[in-house]
$ cat entry.pdb   # PDB, C-alpha atoms and all ligand atoms
ATOM      1  CA  MET A  29     -55.482 163.185 -50.972
ATOM      2  CA  VAL A  30     -52.631 161.231 -49.410
ATOM      3  CA  ASN A  31     -52.664 157.663 -50.628
ATOM      4  CA  GLN A  32     -53.529 155.027 -47.962
ATOM      5  CA  ARG A  33     -50.474 152.861 -48.747
ATOM      6  CA  LYS A  34     -52.240 150.796 -51.333
ATOM      7  CA  LYS A  35     -50.569 147.501 -52.233
ATOM      8  CA  LEU A  36     -48.975 147.802 -55.661
ATOM      9  CA  VAL A  37     -47.671 144.650 -57.322
ATOM     10  CA  VAL A  38     -45.440 144.940 -60.372
ATOM     11  CA  LEU A  39     -45.033 141.958 -62.695
ATOM     12  CA  SER A  40     -42.089 142.752 -64.934
ATOM     13  CA  GLY A  41     -40.327 141.240 -67.922
ATOM     14  CA  ALA A  42     -37.491 141.952 -70.309
ATOM     15  CA  GLY A  43     -39.161 145.043 -71.829
ATOM     16  CA  VAL A  44     -38.660 147.047 -68.629
ATOM     17  CA  SER A  45     -34.898 146.666 -69.107
ATOM     18  CA  ALA A  46     -34.905 147.122 -72.900
ATOM     19  CA  GLU A  47     -34.197 150.852 -72.651
ATOM     20  CA  SER A  48     -31.257 150.049 -70.380
ATOM     21  CA  GLY A  49     -29.730 148.259 -73.369
ATOM     22  CA  LEU A  50     -30.610 144.679 -72.392
ATOM     23  CA  GLY A  51     -32.235 142.678 -75.165
ATOM     24  CA  THR A  52     -35.692 141.170 -74.867
ATOM     25  CA  PHE A  53     -36.315 137.563 -75.899
ATOM     26  CA  ARG A  54     -39.067 137.500 -78.507
ATOM     27  CA  ASP A  55     -38.960 140.941 -80.153
ATOM     28  CA  ASN A  56     -37.172 141.334 -83.512
ATOM     29  CA  GLY A  57     -33.488 140.750 -82.809
ATOM     30  CA  GLY A  58     -34.340 139.315 -79.389
ATOM     31  CA  LEU A  59     -32.137 136.734 -77.664
ATOM     32  CA  TRP A  60     -34.299 133.797 -78.707
ATOM     33  CA  ASN A  61     -34.132 134.930 -82.355
ATOM     34  CA  ASN A  62     -30.364 134.547 -82.279
ATOM     35  CA  HIS A  63     -29.934 131.588 -79.942
ATOM     36  CA  SER A  64     -31.794 128.325 -79.646
ATOM     37  CA  VAL A  65     -33.368 127.873 -76.235
ATOM     38  CA  TYR A  66     -32.435 124.191 -76.535
ATOM     39  CA  ASP A  67     -28.731 125.027 -76.955
ATOM     40  CA  VAL A  68     -28.370 127.414 -74.013
ATOM     41  CA  ALA A  69     -31.351 127.389 -71.661
ATOM     42  CA  THR A  70     -32.137 123.813 -70.670
ATOM     43  CA  PRO A  71     -30.558 121.368 -68.192
ATOM     44  CA  GLU A  72     -29.827 119.090 -71.172
ATOM     45  CA  ALA A  73     -27.875 121.873 -72.898
ATOM     46  CA  PHE A  74     -25.757 122.337 -69.759
ATOM     47  CA  HIS A  75     -25.141 118.600 -69.584
ATOM     48  CA  ASN A  76     -24.206 118.335 -73.276
ATOM     49  CA  ASN A  77     -22.211 121.537 -73.736
ATOM     50  CA  PRO A  78     -21.547 123.272 -70.408
ATOM     51  CA  GLU A  79     -18.924 125.640 -71.855
ATOM     52  CA  LEU A  80     -21.366 127.042 -74.423
ATOM     53  CA  VAL A  81     -24.023 127.571 -71.749
ATOM     54  CA  LEU A  82     -21.566 129.168 -69.299
ATOM     55  CA  ASP A  83     -20.244 131.469 -72.057
ATOM     56  CA  PHE A  84     -23.794 132.508 -72.971
ATOM     57  CA  TYR A  85     -24.629 133.520 -69.389
ATOM     58  CA  ASN A  86     -21.183 135.041 -68.771
ATOM     59  CA  GLN A  87     -21.966 137.399 -71.655
ATOM     60  CA  ARG A  88     -25.463 138.099 -70.285
ATOM     61  CA  ARG A  89     -23.888 138.932 -66.908
ATOM     62  CA  ARG A  90     -21.355 141.311 -68.482
ATOM     63  CA  ASP A  91     -24.206 143.055 -70.296
ATOM     64  CA  VAL A  92     -26.114 143.399 -67.000
ATOM     65  CA  TYR A  93     -23.122 144.957 -65.245
ATOM     66  CA  LYS A  94     -22.765 147.520 -68.062
ATOM     67  CA  ALA A  95     -26.468 148.442 -67.962
ATOM     68  CA  GLN A  96     -27.991 151.118 -65.756
ATOM     69  CA  PRO A  97     -31.551 151.376 -64.425
ATOM     70  CA  ASN A  98     -33.805 153.478 -66.656
ATOM     71  CA  PRO A  99     -36.643 155.856 -65.680
ATOM     72  CA  ALA A 100     -39.113 152.946 -65.437
ATOM     73  CA  HIS A 101     -37.013 151.104 -62.814
ATOM     74  CA  LEU A 102     -36.383 154.386 -60.988
ATOM     75  CA  ALA A 103     -40.057 155.394 -60.932
ATOM     76  CA  LEU A 104     -41.052 151.961 -59.581
ATOM     77  CA  ALA A 105     -38.458 152.340 -56.816
ATOM     78  CA  GLU A 106     -39.655 155.870 -55.994
ATOM     79  CA  ALA A 107     -43.238 154.587 -55.842
ATOM     80  CA  GLU A 108     -42.321 153.039 -52.474
ATOM     81  CA  ARG A 109     -42.816 156.543 -51.027
ATOM     82  CA  ASP A 110     -46.557 156.303 -51.757
ATOM     83  CA  PHE A 111     -47.353 152.616 -52.099
ATOM     84  CA  ASP A 112     -46.535 149.302 -50.538
ATOM     85  CA  VAL A 113     -44.651 147.954 -53.590
ATOM     86  CA  THR A 114     -43.702 144.377 -54.410
ATOM     87  CA  VAL A 115     -41.854 143.662 -57.651
ATOM     88  CA  ILE A 116     -42.117 140.168 -59.079
ATOM     89  CA  THR A 117     -39.810 139.938 -62.043
ATOM     90  CA  GLN A 118     -38.907 137.387 -64.675
ATOM     91  CA  ASN A 119     -35.721 139.331 -65.296
ATOM     92  CA  VAL A 120     -32.377 137.878 -64.302
ATOM     93  CA  ASP A 121     -30.840 141.364 -64.151
ATOM     94  CA  ASP A 122     -30.631 143.337 -60.901
ATOM     95  CA  LEU A 123     -31.779 146.699 -62.291
ATOM     96  CA  HIS A 124     -34.872 146.912 -60.060
ATOM     97  CA  GLU A 125     -32.630 146.564 -56.994
ATOM     98  CA  ARG A 126     -30.025 148.981 -58.332
ATOM     99  CA  ALA A 127     -32.804 151.515 -58.938
ATOM    100  CA  GLY A 128     -33.695 151.219 -55.258
ATOM    101  CA  SER A 129     -36.605 148.767 -55.134
ATOM    102  CA  THR A 130     -36.434 146.932 -51.819
ATOM    103  CA  ASP A 131     -38.907 144.076 -52.255
ATOM    104  CA  VAL A 132     -37.992 142.177 -55.426
ATOM    105  CA  TYR A 133     -38.687 138.531 -56.211
ATOM    106  CA  HIS A 134     -36.771 136.962 -59.111
ATOM    107  CA  VAL A 135     -38.912 134.066 -60.273
ATOM    108  CA  HIS A 136     -36.385 133.111 -62.984
ATOM    109  CA  GLY A 137     -33.306 133.647 -60.798
ATOM    110  CA  LEU A 138     -30.488 136.202 -61.003
ATOM    111  CA  VAL A 139     -27.600 136.006 -63.462
ATOM    112  CA  THR A 140     -25.347 137.886 -61.039
ATOM    113  CA  GLN A 141     -25.412 134.815 -58.811
ATOM    114  CA  ALA A 142     -24.120 131.258 -59.210
ATOM    115  CA  ARG A 143     -25.701 128.130 -57.879
ATOM    116  CA  SER A 144     -24.280 124.745 -56.961
ATOM    117  CA  SER A 145     -25.514 122.119 -59.382
ATOM    118  CA  LEU A 146     -25.579 119.700 -56.425
ATOM    119  CA  THR A 147     -26.952 121.531 -53.388
ATOM    120  CA  ASP A 148     -28.819 124.535 -54.827
ATOM    121  CA  GLU A 149     -26.659 126.790 -52.597
ATOM    122  CA  VAL A 150     -26.438 130.275 -54.142
ATOM    123  CA  PHE A 151     -23.269 132.428 -54.340
ATOM    124  CA  GLU A 152     -22.723 136.088 -55.305
ATOM    125  CA  LEU A 153     -20.447 136.298 -58.358
ATOM    126  CA  GLU A 154     -19.315 139.895 -57.732
ATOM    127  CA  GLY A 155     -18.660 140.476 -61.409
ATOM    128  CA  LYS A 156     -16.821 137.236 -62.109
ATOM    129  CA  ASP A 157     -17.533 134.767 -64.899
ATOM    130  CA  ILE A 158     -18.305 131.118 -64.171
ATOM    131  CA  HIS A 159     -15.813 128.694 -65.758
ATOM    132  CA  LEU A 160     -15.904 124.963 -66.205
ATOM    133  CA  GLY A 161     -14.162 123.616 -63.098
ATOM    134  CA  ASP A 162     -15.454 126.345 -60.763
ATOM    135  CA  THR A 163     -17.061 124.420 -57.948
ATOM    136  CA  CYS A 164     -19.072 124.867 -54.774
ATOM    137  CA  PRO A 165     -17.481 123.887 -51.425
ATOM    138  CA  LYS A 166     -18.871 120.366 -51.943
ATOM    139  CA  GLY A 167     -16.992 120.053 -55.239
ATOM    140  CA  ALA A 168     -19.942 120.347 -57.645
ATOM    141  CA  GLN A 169     -19.776 122.496 -60.783
ATOM    142  CA  LEU A 170     -21.256 125.983 -60.409
ATOM    143  CA  ARG A 171     -23.998 127.028 -62.822
ATOM    144  CA  PRO A 172     -25.765 130.358 -63.363
ATOM    145  CA  HIS A 173     -28.584 130.930 -60.864
ATOM    146  CA  VAL A 174     -31.179 131.127 -63.618
ATOM    147  CA  VAL A 175     -34.216 128.980 -64.276
ATOM    148  CA  TRP A 176     -33.951 126.942 -67.456
ATOM    149  CA  PHE A 177     -36.812 125.566 -69.482
ATOM    150  CA  GLY A 178     -38.161 122.467 -67.790
ATOM    151  CA  GLU A 179     -37.143 123.664 -64.297
ATOM    152  CA  PHE A 180     -39.370 124.942 -61.506
ATOM    153  CA  ILE A 181     -39.592 128.696 -61.063
ATOM    154  CA  TYR A 182     -39.022 130.404 -57.720
ATOM    155  CA  HIS A 183     -41.495 132.151 -55.398
ATOM    156  CA  MET A 184     -44.628 131.230 -57.363
ATOM    157  CA  ASP A 185     -46.814 130.632 -54.292
ATOM    158  CA  GLU A 186     -45.705 133.881 -52.651
ATOM    159  CA  ALA A 187     -46.266 135.717 -55.946
ATOM    160  CA  ILE A 188     -49.834 134.418 -56.180
ATOM    161  CA  GLY A 189     -50.486 135.676 -52.643
ATOM    162  CA  PHE A 190     -49.099 139.133 -53.440
ATOM    163  CA  VAL A 191     -51.219 139.467 -56.595
ATOM    164  CA  GLU A 192     -54.355 138.309 -54.763
ATOM    165  CA  GLN A 193     -53.853 141.047 -52.176
ATOM    166  CA  ALA A 194     -52.903 143.827 -54.586
ATOM    167  CA  ASP A 195     -54.975 146.996 -54.940
ATOM    168  CA  ILE A 196     -53.024 147.839 -58.081
ATOM    169  CA  VAL A 197     -51.298 145.453 -60.493
ATOM    170  CA  ILE A 198     -48.908 146.779 -63.132
ATOM    171  CA  VAL A 199     -47.646 144.293 -65.698
ATOM    172  CA  VAL A 200     -44.733 145.756 -67.636
ATOM    173  CA  GLY A 201     -42.462 144.646 -70.453
ATOM    174  CA  THR A 202     -43.534 141.054 -70.796
ATOM    175  CA  SER A 203     -45.138 139.172 -73.670
ATOM    176  CA  LEU A 204     -46.910 136.940 -71.095
ATOM    177  CA  LYS A 205     -45.864 133.948 -73.179
ATOM    178  CA  VAL A 206     -43.979 132.068 -70.480
ATOM    179  CA  PHE A 207     -45.847 130.014 -67.900
ATOM    180  CA  PRO A 208     -46.472 129.725 -65.029
ATOM    181  CA  PHE A 209     -45.517 133.413 -64.607
ATOM    182  CA  ALA A 210     -48.164 134.487 -67.142
ATOM    183  CA  ASN A 211     -50.853 132.865 -64.990
ATOM    184  CA  LEU A 212     -50.248 135.433 -62.258
ATOM    185  CA  VAL A 213     -52.484 137.990 -64.004
ATOM    186  CA  ASP A 214     -55.449 135.670 -63.371
ATOM    187  CA  TYR A 215     -55.084 136.108 -59.592
ATOM    188  CA  ALA A 216     -55.780 139.863 -59.625
ATOM    189  CA  ARG A 217     -58.871 140.828 -57.623
ATOM    190  CA  ALA A 218     -61.917 141.981 -59.575
ATOM    191  CA  ASP A 219     -61.747 145.371 -57.795
ATOM    192  CA  ALA A 220     -57.995 145.861 -58.340
ATOM    193  CA  GLN A 221     -56.781 148.495 -60.790
ATOM    194  CA  CYS A 222     -54.827 146.551 -63.414
ATOM    195  CA  PHE A 223     -52.557 147.889 -66.153
ATOM    196  CA  LEU A 224     -50.445 146.335 -68.881
ATOM    197  CA  VAL A 225     -47.536 148.380 -70.261
ATOM    198  CA  THR A 226     -45.731 147.014 -73.314
ATOM    199  CA  GLN A 227     -44.736 148.034 -76.813
ATOM    200  CA  ASP A 228     -46.833 145.278 -78.302
ATOM    201  CA  ILE A 229     -49.025 142.411 -77.082
ATOM    202  CA  ASP A 230     -51.058 139.594 -78.638
ATOM    203  CA  ALA A 231     -53.867 139.611 -76.058
ATOM    204  CA  VAL A 232     -54.578 141.960 -73.160
ATOM    205  CA  PRO A 233     -55.577 139.959 -70.051
ATOM    206  CA  TYR A 234     -59.192 140.342 -68.950
ATOM    207  CA  GLY A 235     -59.703 143.341 -66.652
ATOM    208  CA  PHE A 236     -56.417 145.030 -67.614
ATOM    209  CA  GLN A 237     -56.127 148.502 -69.157
ATOM    210  CA  TYR A 238     -53.578 148.508 -71.954
ATOM    211  CA  LYS A 239     -51.054 151.355 -71.985
ATOM    212  CA  GLN A 240     -48.961 150.910 -75.086
ATOM    213  CA  GLY A 241     -45.544 152.533 -75.234
ATOM    214  CA  PRO A 242     -42.008 152.530 -73.866
ATOM    215  CA  ALA A 243     -41.821 151.687 -70.177
ATOM    216  CA  SER A 244     -39.446 154.577 -69.485
ATOM    217  CA  THR A 245     -42.191 157.046 -70.452
ATOM    218  CA  VAL A 246     -45.408 155.214 -69.614
ATOM    219  CA  ILE A 247     -44.461 153.908 -66.155
ATOM    220  CA  PRO A 248     -43.481 157.291 -64.635
ATOM    221  CA  GLN A 249     -46.671 158.857 -66.087
ATOM    222  CA  LEU A 250     -48.888 156.046 -64.828
ATOM    223  CA  LEU A 251     -47.360 156.142 -61.338
ATOM    224  CA  ALA A 252     -47.764 159.917 -61.192
ATOM    225  CA  GLU A 253     -51.461 159.530 -62.088
ATOM    226  CA  LEU A 254     -51.965 156.764 -59.515
ATOM    227  CA  THR A 255     -50.267 158.811 -56.805
ATOM    228  CA  LEU A 256     -52.613 161.740 -57.438
ATOM    229  CA  SER A 257     -55.786 159.636 -57.670
TER     230      SER A 257
HETATM  231  P1  LIG A 301     -40.329 138.836 -74.219
HETATM  232  O1  LIG A 301     -39.155 139.101 -75.090
HETATM  233  O2  LIG A 301     -41.124 137.610 -74.471
HETATM  234  O3  LIG A 301     -41.339 140.066 -74.267
HETATM  235  C1  LIG A 301     -40.873 141.374 -74.117
HETATM  236  C2  LIG A 301     -42.055 142.310 -74.060
HETATM  237  O4  LIG A 301     -41.562 143.594 -73.767
HETATM  238  C3  LIG A 301     -42.854 142.425 -75.364
HETATM  239  O5  LIG A 301     -44.243 142.414 -75.057
HETATM  240  C4  LIG A 301     -42.470 143.814 -75.890
HETATM  241  O6  LIG A 301     -43.555 144.463 -76.571
HETATM  242  C5  LIG A 301     -42.174 144.537 -74.621
HETATM  243  N1  LIG A 301     -41.227 145.659 -74.757
HETATM  244  C6  LIG A 301     -40.120 145.751 -75.526
HETATM  245  N2  LIG A 301     -39.498 146.927 -75.348
HETATM  246  C7  LIG A 301     -40.244 147.595 -74.428
HETATM  247  C8  LIG A 301     -40.149 148.881 -73.827
HETATM  248  N3  LIG A 301     -39.139 149.723 -74.095
HETATM  249  N4  LIG A 301     -41.103 149.244 -72.941
HETATM  250  C9  LIG A 301     -42.141 148.411 -72.644
HETATM  251  N5  LIG A 301     -42.275 147.197 -73.187
HETATM  252  C10 LIG A 301     -41.351 146.789 -74.062
HETATM  253  O7  LIG A 301     -39.769 138.872 -72.718
HETATM  254  P2  LIG A 301     -40.419 138.276 -71.391
HETATM  255  O8  LIG A 301     -41.898 138.290 -71.455
HETATM  256  O9  LIG A 301     -39.761 138.923 -70.244
HETATM  257  O10 LIG A 301     -37.160 133.156 -69.308
HETATM  258  O11 LIG A 301     -39.916 136.780 -71.456
HETATM  259  C11 LIG A 301     -40.282 135.904 -70.439
HETATM  260  C12 LIG A 301     -39.233 134.854 -70.246
HETATM  261  O12 LIG A 301     -38.933 134.254 -71.509
HETATM  262  C13 LIG A 301     -37.888 135.369 -69.775
HETATM  263  O13 LIG A 301     -37.831 135.564 -68.373
HETATM  264  C14 LIG A 301     -36.963 134.266 -70.198
HETATM  265  C15 LIG A 301     -37.505 133.987 -71.579
HETATM  266  O14 LIG A 301     -37.368 132.690 -72.034
HETATM  267  C16 LIG A 301     -36.158 132.332 -69.045
HETATM  268  O15 LIG A 301     -35.052 132.445 -69.549
HETATM  269  C17 LIG A 301     -36.527 131.228 -68.100
END
$ encode --input "entry.pdb" --output "structure tokens"
Amino acid sequence: MVNQRKKLVVLSGAGVSAESGLGTFRDNGGLWNNHSVYDVATPEAFHNNPELVLDFYNQRRRDVYKAQPNPAHLALAEAERDFDVTVITQNVDDLHERAGSTDVYHVHGLVTQARSSLTDEVFELEGKDIHLGDTCPKGAQLRPHVVWFGEFIYHMDEAIGFVEQADIVIVVGTSLKVFPFANLVDYARADAQCFLVTQDIDAVPYGFQYKQGPASTVIPQLLAELTLS
């Protein structure tokens, strides 16, 4: 039977990009095992040692440019043929967009963009690094357009609305340890079909079916099953 354009909301995290070669945060060898959040991912860190913070995100950006979307990103983009898909991602990479997804919300920002530390105006970096002394037109230092600990995340209200309206919710590649993003699973309707796809998880949210395994395998299979059902 042809699907009636069900609303599919994807809540993604670092694990969806792991098989594209981008590190996760909390797995063995993850970014937060090798770097202190307090040294590189807070407004205080940027105030105290801006060069270290800029270098850290310049490297992240170079890694993102080298990476390619994997079969999980591609399958989620192709799912737009059958579903009304909204991707809400914690990832600061642009792999969902490069795979072809057209409705992507970056709640933690995008490392491929810079932001004025004065006006919040956002600029495309087009592959360039950000250096100390690079400024916005108003003369304020540019910073990476990423959300640091202690800062507000983007699009939270819209994200809640999308999850509340979803017929299907797929959570993929996130440990659900960072709030408020992790709260989004609580807004899924009782009659929605809800899935969690990760390699490992401490607690599966209530009402979610756990599909353990690599996103690049599990996501295409799951979407194929949902398309046929
Ligand atoms: P984490 O590193 O906390 O969790 C990654 C999740 O991905 C874990 O549950 C892994 O089991 C899973 N995983 C790893 N490889 C996978 C694969 N190939 N297929 C499927 N799942 C896989 O990353 P996030 O939950 O995304 O925020 O982290 C959330 C936020 O914490 C990030 O956005 C970042 C970080 O601090 C900011 O920097 C603001």
$ residues_around --input "entry.pdb" --residues "Phe236 in chain A" --least-positions-apart "5" --cutoff "12 Å" --atoms "all atoms listed in the file" --output "number ranges by chain"
A: 196-200, 213-214, 216-225, 231
$ closest_atom_pairs --input "entry.pdb" --of "chain A" --to "ligand LIG 301 (chain A)" --cutoff "7 Å" --atoms "all atoms listed in the file" --output "JSON lines"
{"residue": "A:Ser40", "atom": "CA", "partner": "A:LIG301", "partner_atom": "O9", "distance": 6.9}
{"residue": "A:Gly41", "atom": "CA", "partner": "A:LIG301", "partner_atom": "O9", "distance": 3.3}
{"residue": "A:Ala42", "atom": "CA", "partner": "A:LIG301", "partner_atom": "O9", "distance": 3.8}
{"residue": "A:Gly43", "atom": "CA", "partner": "A:LIG301", "partner_atom": "O4", "distance": 3.4}
{"residue": "A:Val44", "atom": "CA", "partner": "A:LIG301", "partner_atom": "N4", "distance": 5.4}
{"residue": "A:Ala46", "atom": "CA", "partner": "A:LIG301", "partner_atom": "N3", "distance": 5.1}
{"residue": "A:Glu47", "atom": "CA", "partner": "A:LIG301", "partner_atom": "N3", "distance": 5.3}
{"residue": "A:Thr52", "atom": "CA", "partner": "A:LIG301", "partner_atom": "O1", "distance": 4.0}
{"residue": "A:Phe53", "atom": "CA", "partner": "A:LIG301", "partner_atom": "O1", "distance": 3.3}
{"residue": "A:Arg54", "atom": "CA", "partner": "A:LIG301", "partner_atom": "O1", "distance": 3.8}
{"residue": "A:Asp55", "atom": "CA", "partner": "A:LIG301", "partner_atom": "O1", "distance": 5.4}
{"residue": "A:Gly58", "atom": "CA", "partner": "A:LIG301", "partner_atom": "O1", "distance": 6.5}
{"residue": "A:Ala69", "atom": "CA", "partner": "A:LIG301", "partner_atom": "O15", "distance": 6.6}
{"residue": "A:Gln118", "atom": "CA", "partner": "A:LIG301", "partner_atom": "O13", "distance": 4.3}
{"residue": "A:Asn119", "atom": "CA", "partner": "A:LIG301", "partner_atom": "O13", "distance": 5.3}
{"residue": "A:His136", "atom": "CA", "partner": "A:LIG301", "partner_atom": "C17", "distance": 5.5}
{"residue": "A:Val174", "atom": "CA", "partner": "A:LIG301", "partner_atom": "C17", "distance": 7.0}
{"residue": "A:Val175", "atom": "CA", "partner": "A:LIG301", "partner_atom": "C17", "distance": 5.0}
{"residue": "A:Trp176", "atom": "CA", "partner": "A:LIG301", "partner_atom": "C17", "distance": 5.0}
{"residue": "A:Phe177", "atom": "CA", "partner": "A:LIG301", "partner_atom": "C17", "distance": 5.8}
{"residue": "A:Val200", "atom": "CA", "partner": "A:LIG301", "partner_atom": "C9", "distance": 6.2}
{"residue": "A:Gly201", "atom": "CA", "partner": "A:LIG301", "partner_atom": "O4", "distance": 3.6}
{"residue": "A:Thr202", "atom": "CA", "partner": "A:LIG301", "partner_atom": "O8", "distance": 3.3}
{"residue": "A:Ser203", "atom": "CA", "partner": "A:LIG301", "partner_atom": "O5", "distance": 3.6}
{"residue": "A:Leu204", "atom": "CA", "partner": "A:LIG301", "partner_atom": "O8", "distance": 5.2}
{"residue": "A:Lys205", "atom": "CA", "partner": "A:LIG301", "partner_atom": "O2", "distance": 6.1}
{"residue": "A:Val206", "atom": "CA", "partner": "A:LIG301", "partner_atom": "C11", "distance": 5.3}
{"residue": "A:Val225", "atom": "CA", "partner": "A:LIG301", "partner_atom": "C9", "distance": 5.9}
{"residue": "A:Thr226", "atom": "CA", "partner": "A:LIG301", "partner_atom": "N5", "distance": 3.5}
{"residue": "A:Gln227", "atom": "CA", "partner": "A:LIG301", "partner_atom": "O6", "distance": 3.8}
{"residue": "A:Asp228", "atom": "CA", "partner": "A:LIG301", "partner_atom": "O6", "distance": 3.8}
{"residue": "A:Ile229", "atom": "CA", "partner": "A:LIG301", "partner_atom": "O5", "distance": 5.2}
{"residue": "A:Gly241", "atom": "CA", "partner": "A:LIG301", "partner_atom": "C9", "distance": 5.9}
{"residue": "A:Pro242", "atom": "CA", "partner": "A:LIG301", "partner_atom": "N4", "distance": 3.5}
{"residue": "A:Ala243", "atom": "CA", "partner": "A:LIG301", "partner_atom": "N4", "distance": 3.8}
{"residue": "A:Ser244", "atom": "CA", "partner": "A:LIG301", "partner_atom": "N4", "distance": 6.6}
$ residues_around --input "entry.pdb" --residues "Ile116 in chain A" --least-positions-apart "5" --cutoff "9 Å" --atoms "only C-alpha atoms" --output "mmCIF file with C-alpha atoms, in the frame of the given file"
data_model
loop_
_atom_site.group_PDB
_atom_site.id
_atom_site.type_symbol
_atom_site.label_atom_id
_atom_site.label_comp_id
_atom_site.auth_asym_id
_atom_site.auth_seq_id
_atom_site.Cartn_x
_atom_site.Cartn_y
_atom_site.Cartn_z
ATOM 1 C CA VAL A 37 -47.671 144.650 -57.322
ATOM 2 C CA VAL A 38 -45.440 144.940 -60.372
ATOM 3 C CA LEU A 39 -45.033 141.958 -62.695
ATOM 4 C CA SER A 40 -42.089 142.752 -64.934
ATOM 5 C CA ASP A 131 -38.907 144.076 -52.255
ATOM 6 C CA VAL A 132 -37.992 142.177 -55.426
ATOM 7 C CA TYR A 133 -38.687 138.531 -56.211
ATOM 8 C CA HIS A 134 -36.771 136.962 -59.111
ATOM 9 C CA VAL A 135 -38.912 134.066 -60.273
ATOM 10 C CA HIS A 183 -41.495 132.151 -55.398
ATOM 11 C CA ALA A 187 -46.266 135.717 -55.946
#
$ resolve_selection --input "entry.pdb" --expression "the PyMOL selection byres (((chain A and resi 85) around 9) and not hetatm)" --output "list in words"
Val68, Leu80, Val81, Leu82, Asp83, Phe84, Asn86, Gln87, Arg88, Arg89, Arg90, Val139, Asp157, Ile158 and Pro172 of chain A
$ residues_around --input "entry.pdb" --residues "Asp162 in chain A" --least-positions-apart "6" --cutoff "10 Å" --atoms "only C-alpha atoms" --output "PyMOL selection string"
chain A and resi 144+168-171
$ atom_distance --input "entry.pdb" --atom1 "CA of Ala100 in chain A" --atom2 "CA of Val113 in chain A"
14.0 Å
$ resolve_selection --input "entry.pdb" --expression "the PyMOL selection byres (((chain A and resi 147) around 12) and not hetatm)" --output "JSON list (two decimals) with C-alpha atoms, in the frame of the given file"
[["chain", "number", "residue", "atom", "x", "y", "z"],
["A", 142, "ALA", "CA", -24.12, 131.26, -59.21],
["A", 143, "ARG", "CA", -25.70, 128.13, -57.88],
["A", 144, "SER", "CA", -24.28, 124.74, -56.96],
["A", 145, "SER", "CA", -25.51, 122.12, -59.38],
["A", 146, "LEU", "CA", -25.58, 119.70, -56.42],
["A", 148, "ASP", "CA", -28.82, 124.54, -54.83],
["A", 149, "GLU", "CA", -26.66, 126.79, -52.60],
["A", 150, "VAL", "CA", -26.44, 130.28, -54.14],
["A", 151, "PHE", "CA", -23.27, 132.43, -54.34],
["A", 163, "THR", "CA", -17.06, 124.42, -57.95],
["A", 164, "CYS", "CA", -19.07, 124.87, -54.77],
["A", 165, "PRO", "CA", -17.48, 123.89, -51.42],
["A", 166, "LYS", "CA", -18.87, 120.37, -51.94],
["A", 167, "GLY", "CA", -16.99, 120.05, -55.24],
["A", 168, "ALA", "CA", -19.94, 120.35, -57.64],
["A", 169, "GLN", "CA", -19.78, 122.50, -60.78],
["A", 170, "LEU", "CA", -21.26, 125.98, -60.41],
["A", 171, "ARG", "CA", -24.00, 127.03, -62.82]]
$ residues_near_point --input "entry.pdb" --point "(-25.9, 148.1, -65.5)" --cutoff "10 Å" --atoms "all atoms listed in the file" --output "ChimeraX atom specification"
/A:45,48-50,89-98,121-123,126
$ build_atoms --input "entry.pdb" --residues "range 123-131 of chain A" --atoms "N, CA, C and O atoms" --output "PDB file, keeping the file's coordinate frame"
ATOM      1  N   LEU A 123     -31.547 145.258 -62.105  1.00  0.00           N
ATOM      2  CA  LEU A 123     -31.779 146.699 -62.291  1.00  0.00           C
ATOM      3  C   LEU A 123     -32.873 147.241 -61.374  1.00  0.00           C
ATOM      4  O   LEU A 123     -32.821 148.406 -60.973  1.00  0.00           O
ATOM      5  N   HIS A 124     -33.873 146.422 -61.031  1.00  0.00           N
ATOM      6  CA  HIS A 124     -34.872 146.912 -60.060  1.00  0.00           C
ATOM      7  C   HIS A 124     -34.185 147.235 -58.725  1.00  0.00           C
ATOM      8  O   HIS A 124     -34.426 148.278 -58.125  1.00  0.00           O
ATOM      9  N   GLU A 125     -33.318 146.332 -58.277  1.00  0.00           N
ATOM     10  CA  GLU A 125     -32.630 146.564 -56.994  1.00  0.00           C
ATOM     11  C   GLU A 125     -31.698 147.759 -57.100  1.00  0.00           C
ATOM     12  O   GLU A 125     -31.636 148.597 -56.195  1.00  0.00           O
ATOM     13  N   ARG A 126     -30.963 147.851 -58.219  1.00  0.00           N
ATOM     14  CA  ARG A 126     -30.025 148.981 -58.332  1.00  0.00           C
ATOM     15  C   ARG A 126     -30.747 150.319 -58.445  1.00  0.00           C
ATOM     16  O   ARG A 126     -30.204 151.356 -58.105  1.00  0.00           O
ATOM     17  N   ALA A 127     -32.010 150.278 -58.904  1.00  0.00           N
ATOM     18  CA  ALA A 127     -32.804 151.515 -58.938  1.00  0.00           C
ATOM     19  C   ALA A 127     -33.276 151.890 -57.542  1.00  0.00           C
ATOM     20  O   ALA A 127     -33.674 153.030 -57.308  1.00  0.00           O
ATOM     21  N   GLY A 128     -33.282 150.922 -56.629  1.00  0.00           N
ATOM     22  CA  GLY A 128     -33.695 151.219 -55.258  1.00  0.00           C
ATOM     23  C   GLY A 128     -34.907 150.444 -54.775  1.00  0.00           C
ATOM     24  O   GLY A 128     -35.335 150.627 -53.638  1.00  0.00           O
ATOM     25  N   SER A 129     -35.478 149.584 -55.603  1.00  0.00           N
ATOM     26  CA  SER A 129     -36.605 148.767 -55.134  1.00  0.00           C
ATOM     27  C   SER A 129     -36.110 147.825 -54.041  1.00  0.00           C
ATOM     28  O   SER A 129     -35.034 147.228 -54.157  1.00  0.00           O
ATOM     29  N   THR A 130     -36.911 147.686 -52.988  1.00  0.00           N
ATOM     30  CA  THR A 130     -36.434 146.932 -51.819  1.00  0.00           C
ATOM     31  C   THR A 130     -37.116 145.574 -51.655  1.00  0.00           C
ATOM     32  O   THR A 130     -36.711 144.780 -50.819  1.00  0.00           O
ATOM     33  N   ASP A 131     -38.177 145.339 -52.426  1.00  0.00           N
ATOM     34  CA  ASP A 131     -38.907 144.076 -52.255  1.00  0.00           C
ATOM     35  C   ASP A 131     -39.078 143.434 -53.634  1.00  0.00           C
ATOM     36  O   ASP A 131     -40.089 143.607 -54.296  1.00  0.00           O
TER      37      ASP A 131
END
